[in-house]
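These notes concern the structure reproduced below.
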Amino acid sequence: MSKNVPVVEFKQVGKTFISPDGTPHEAIRDVNFCVEDLDDEGEFIALLGPSGCGKSTILNLIAGLEPVHPATTGEVLVFGQPVHGPGPDRGMVFQSYSSFPCYNVLDNVAFGLKLQGVEKDEREERAMRWIKRVQLAGSEKKYPHQLSGGMRQRVAIARTLAIHPRIILMDEPFGALDRVTRWGMQDLLVELWREVEATVFLITHDIAEAVYLGDRVFIMSEGPGTIVEVVDVPAPSGDAATTQRTEAFSNLVHTVSQKFEKHIPQMGSA
Ligand SMILES: Nc1ncnc2c1ncn2[C@@H]1O[C@H](COP(=O)(O)OP(=O)(O)O)[C@@H](O)[C@H]1O
Ligand SMILES: [Mg+2]
């Protein structure tokens, strides 16, 4: 694969949904961005925007998931190729706990490997490795309903990372978690991300989360959403709880909040 081919590129992408009665609804408009393929590391993109502005639409277009896929206008390219549907190069982690309720943790984490035809012993060994990495060793025989919200999201992360996607798509993965659990998950995510060197797109409406995790923050306007500003932020240099309590970090969040407010006045205090 050529180094010069971007990981993901959107060229004037628009998506209009048609309701059952035929009314068109323009979700996103003229979305343009490019995420380059960096040597030995992936970029972390945080997508920040008000509810309903089209954040999930953008992620689903990258994932190739219907009914959002395909775009109505423009081009969605992954490694230089138009997206035709889902693929193992892209893994998704949703906000709602997307584990299979009838499978235990081990079978949930091994699920993608099973689909890929990896035989039982190997897939269970690989799944166990990821279960340990997300600190769930000892819970591999438990079912999702026996786990806390944070644990279930760790299952979802392990399941996605087990298939080694080059691109990890996360749709408000920590949105349902309390603040302290969320900080712990942010630390874990940073640690894992540095290890797997994947490109990450993470949706959040939490400005601090976007600033802490992102290399770049894409700020979106209200629907029909488009990217109105891209802000470069420093990579995390300490743990989430400590960093996010510092004055320097608060100042950075304030700067990004002001940019956000400039485009979406009523969201300034979000
Ligand atoms: N499958 C769909 N059919 C019809 N409308 C949709 C569909 N998915 C999203 N929308 C609409 O498109 C807009 C953007 O949605 P979404 O991307 O989910 O926003 P966000 O994730 O930023 O909250 C919203 O107005 C939403 O109601
Ligand atoms: Mg959404």
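Chain lettering (A, B, ...) mirrors the order of the structure tokens, residue numbering begins at 1 for each chain separately, and ligand numbering begins at 1 in order of display.
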Could you list the protein, DNA and RNA residues that have any atom within 8 Å of ligand 1, counting only C-alpha atoms and all ligand atoms, and write them as JSON, numbers by chain? {"A": [16, 17, 18, 19, 25, 26, 27, 28, 49, 50, 51, 52, 53, 54, 55, 56, 57, 58, 66, 67, 68, 171, 203, 223, 224, 225]}
Taking a cut-off of 12 Å and counting only C-alpha atoms, can you build a table that, for each residue of region 172-243 of chain A near region 78-102 of chain A, reports the nearest atom pair and how far apart they are in Å (one decimal), sorted by chain then residue number, as CSV?
residue,atom,partner,partner_atom,distance
A:Glu172,CA,A:Gln95,CA,5.1
A:Pro173,CA,A:Gln95,CA,4.2
A:Phe174,CA,A:Gln95,CA,6.5
A:Gly175,CA,A:Gln95,CA,6.3
A:Ala176,CA,A:Gln95,CA,7.1
A:Leu177,CA,A:Gln95,CA,9.5
A:Leu189,CA,A:Val93,CA,11.9
A:Ala198,CA,A:Arg90,CA,9.7
A:Thr199,CA,A:Arg90,CA,9.6
A:Val200,CA,A:Gly91,CA,9.7
A:Phe201,CA,A:Met92,CA,9.6
A:Leu202,CA,A:Val93,CA,9.2
A:Ile203,CA,A:Gln95,CA,9.7
A:Thr204,CA,A:Gln95,CA,10.0
So that I have them on file, write out the residues from the current selection with N, CA and C atoms, as a short mmCIF file (atom, residue, chain, number, x, y, z; two decimals), in the first residue's frame.
data_model
loop_
_atom_site.label_atom_id
_atom_site.label_comp_id
_atom_site.auth_asym_id
_atom_site.auth_seq_id
_atom_site.Cartn_x
_atom_site.Cartn_y
_atom_site.Cartn_z
N GLU A 172 -19.70 7.88 20.29
CA GLU A 172 -19.97 8.24 21.69
C GLU A 172 -19.80 7.04 22.61
N PRO A 173 -18.62 6.40 22.56
CA PRO A 173 -18.46 5.14 23.28
C PRO A 173 -18.59 5.27 24.79
N PHE A 174 -18.29 6.46 25.33
CA PHE A 174 -18.31 6.60 26.79
C PHE A 174 -19.44 7.51 27.24
N GLY A 175 -20.37 7.79 26.31
CA GLY A 175 -21.45 8.74 26.59
C GLY A 175 -22.34 8.34 27.76
N ALA A 176 -22.46 7.03 28.02
CA ALA A 176 -23.37 6.59 29.07
C ALA A 176 -22.65 6.35 30.40
N LEU A 177 -21.36 6.66 30.44
CA LEU A 177 -20.58 6.34 31.64
C LEU A 177 -20.41 7.56 32.54
N LEU A 189 -8.04 3.67 26.52
CA LEU A 189 -8.09 3.87 25.07
C LEU A 189 -6.78 4.44 24.54
N ALA A 198 -3.63 2.36 15.11
CA ALA A 198 -4.74 2.53 14.16
C ALA A 198 -5.16 4.00 14.10
N THR A 199 -5.88 4.34 13.04
CA THR A 199 -6.51 5.65 12.96
C THR A 199 -7.84 5.55 13.71
N VAL A 200 -8.11 6.53 14.56
CA VAL A 200 -9.36 6.49 15.33
C VAL A 200 -10.22 7.70 14.98
N PHE A 201 -11.51 7.44 14.78
CA PHE A 201 -12.51 8.51 14.72
C PHE A 201 -13.40 8.31 15.94
N LEU A 202 -13.46 9.31 16.81
CA LEU A 202 -14.28 9.19 17.99
C LEU A 202 -15.26 10.35 18.05
N ILE A 203 -16.53 10.01 18.14
CA ILE A 203 -17.58 11.03 18.26
C ILE A 203 -17.81 11.33 19.73
N THR A 204 -17.91 12.60 20.03
CA THR A 204 -18.27 12.96 21.39
C THR A 204 -18.96 14.32 21.35
#
Can you work out which one of A:Ile264, A:Met170, A:Leu106, A:Val13 has the shortest atom-to-atom distance to ligand 2, counting only C-alpha atoms and all ligand atoms? A:Met170
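Atom pair CA of Leu188 (chain A) / CA of Leu115 (chain A) has a distance of 26.2 Å (rounded to one decimal).
Residue nearest ligand 2, chosen from A:Ile62, A:His205, A:Ser257, A:Ile168 and counting only C-alpha atoms and all ligand atoms: A:His205.
Using only C-alpha atoms and all ligand atoms, the nearest neighbour of ligand 2 within the list A:Asn108, A:Leu47, A:Gly42, A:Arg133 is A:Leu47.
Atom pair CA of Leu48 (chain A) / CA of Trp193 (chain A) has a distance of 19.4 Å (rounded to one decimal).
Secondary structure by DSSP on the backbone puts the following residues of region 39-182 of chain A in strand (DSSP E or B): Phe44, Ile45, Ala46, Leu47, Leu48, Thr73, Gly74, Glu75, Val76, Leu77, Val78, Gln81, Pro82, Arg90, Gly91, Met92, Val93, Ile167, Ile168, Leu169, Met170 and Asp171 of chain A.
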Could you write out that same residue set with C-alpha atoms as a compact mmCIF listing (two decimals), in the first residue's frame?
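The resulting file, again.txt, is shown below:
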# COMPACT_ATOMS: atom_id res chain seq x y z
CA PHE A 44 -6.85 10.35 16.51
CA ILE A 45 -9.73 12.42 15.17
CA ALA A 46 -12.37 13.68 17.59
CA LEU A 47 -15.65 14.67 15.94
CA LEU A 48 -17.45 17.28 17.99
CA THR A 73 -23.26 13.09 -3.26
CA GLY A 74 -19.47 13.19 -3.30
CA GLU A 75 -16.88 10.51 -2.60
CA VAL A 76 -16.00 8.54 0.53
CA LEU A 77 -12.57 6.94 0.12
CA VAL A 78 -10.85 4.49 2.46
CA GLN A 81 -10.86 3.19 -2.67
CA PRO A 82 -14.58 4.06 -2.68
CA ARG A 90 -12.79 -0.87 9.91
CA GLY A 91 -14.14 -1.67 13.38
CA MET A 92 -17.01 0.10 15.13
CA VAL A 93 -17.69 0.66 18.83
CA ILE A 167 -9.51 2.26 11.36
CA ILE A 168 -11.44 2.30 14.63
CA LEU A 169 -14.79 4.09 14.62
CA MET A 170 -16.26 5.01 18.00
CA ASP A 171 -19.73 6.54 18.27
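Here CA of Ser148 (chain A) and CA of Arg123 (chain A) stand 24.8 Å from one another.
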As an MDAnalysis selection string, list the residues of region 69-228 of chain A assigned to helix (DSSP H, G or I) by DSSP on the backbone atoms of this structure. chainID A and resid 105:115 120:133 144:146 149:162 179:196 207:213
For the selection you just gave me, I'd like the residues written to a file as a CSV table (one decimal), in the first residue's frame, keeping C-alpha atoms.
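Written file, selection_12.csv:
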chain,number,residue,atom,x,y,z
A,105,VAL,CA,-17.5,-12.2,27.1
A,106,LEU,CA,-15.1,-14.7,25.4
A,107,ASP,CA,-17.5,-15.5,22.6
A,108,ASN,CA,-18.4,-11.8,22.1
A,109,VAL,CA,-14.7,-10.9,21.8
A,110,ALA,CA,-14.0,-13.8,19.5
A,111,PHE,CA,-17.0,-13.2,17.3
A,112,GLY,CA,-15.2,-11.2,14.6
A,113,LEU,CA,-12.4,-13.8,14.5
A,114,LYS,CA,-15.0,-16.5,14.0
A,115,LEU,CA,-16.5,-14.6,11.1
A,120,LYS,CA,-11.5,-22.2,17.7
A,121,ASP,CA,-8.3,-22.6,19.8
A,122,GLU,CA,-6.5,-19.7,18.1
A,123,ARG,CA,-9.5,-17.4,18.2
A,124,GLU,CA,-10.0,-18.1,21.9
A,125,GLU,CA,-6.4,-17.5,22.6
A,126,ARG,CA,-6.4,-14.2,20.7
A,127,ALA,CA,-9.7,-13.2,22.3
A,128,MET,CA,-8.2,-13.9,25.8
A,129,ARG,CA,-5.3,-11.7,25.1
A,130,TRP,CA,-7.6,-8.8,24.4
A,131,ILE,CA,-9.8,-9.6,27.4
A,132,LYS,CA,-6.6,-9.4,29.6
A,133,ARG,CA,-5.6,-6.1,27.9
A,144,PRO,CA,-23.2,-8.9,29.2
A,145,HIS,CA,-26.1,-8.4,31.7
A,146,GLN,CA,-23.7,-9.4,34.6
A,149,GLY,CA,-21.5,-0.3,31.8
A,150,GLY,CA,-17.8,0.4,31.8
A,151,MET,CA,-17.0,-3.4,31.6
A,152,ARG,CA,-19.4,-3.8,28.7
A,153,GLN,CA,-17.7,-1.0,26.8
A,154,ARG,CA,-14.4,-2.8,27.5
A,155,VAL,CA,-15.9,-5.9,25.9
A,156,ALA,CA,-16.9,-3.8,22.9
A,157,ILE,CA,-13.4,-2.4,22.6
A,158,ALA,CA,-11.7,-5.8,22.9
A,159,ARG,CA,-14.0,-7.2,20.3
A,160,THR,CA,-13.2,-4.5,17.9
A,161,LEU,CA,-9.4,-4.6,18.5
A,162,ALA,CA,-9.3,-8.4,18.2
A,179,ARG,CA,-17.1,10.8,34.9
A,180,VAL,CA,-14.6,8.7,36.8
A,181,THR,CA,-15.4,5.6,34.8
A,182,ARG,CA,-15.0,7.7,31.6
A,183,TRP,CA,-11.6,8.9,32.7
A,184,GLY,CA,-10.5,5.3,33.2
A,185,MET,CA,-11.8,4.4,29.8
A,186,GLN,CA,-10.0,7.3,28.2
A,187,ASP,CA,-6.7,6.2,29.8
A,188,LEU,CA,-7.2,2.7,28.5
A,189,LEU,CA,-8.1,3.9,25.1
A,190,VAL,CA,-5.0,6.0,24.8
A,191,GLU,CA,-2.8,3.1,25.9
A,192,LEU,CA,-4.4,0.7,23.5
A,193,TRP,CA,-4.4,3.2,20.6
A,194,ARG,CA,-0.6,3.7,21.0
A,195,GLU,CA,-0.1,0.0,20.8
A,196,VAL,CA,-2.3,-0.8,17.8
A,207,ILE,CA,-15.4,19.1,24.6
A,208,ALA,CA,-12.9,18.0,27.3
A,209,GLU,CA,-13.0,14.4,25.9
A,210,ALA,CA,-12.4,15.7,22.4
A,211,VAL,CA,-9.5,17.9,23.5
A,212,TYR,CA,-7.9,15.2,25.7
A,213,LEU,CA,-8.1,12.4,23.2
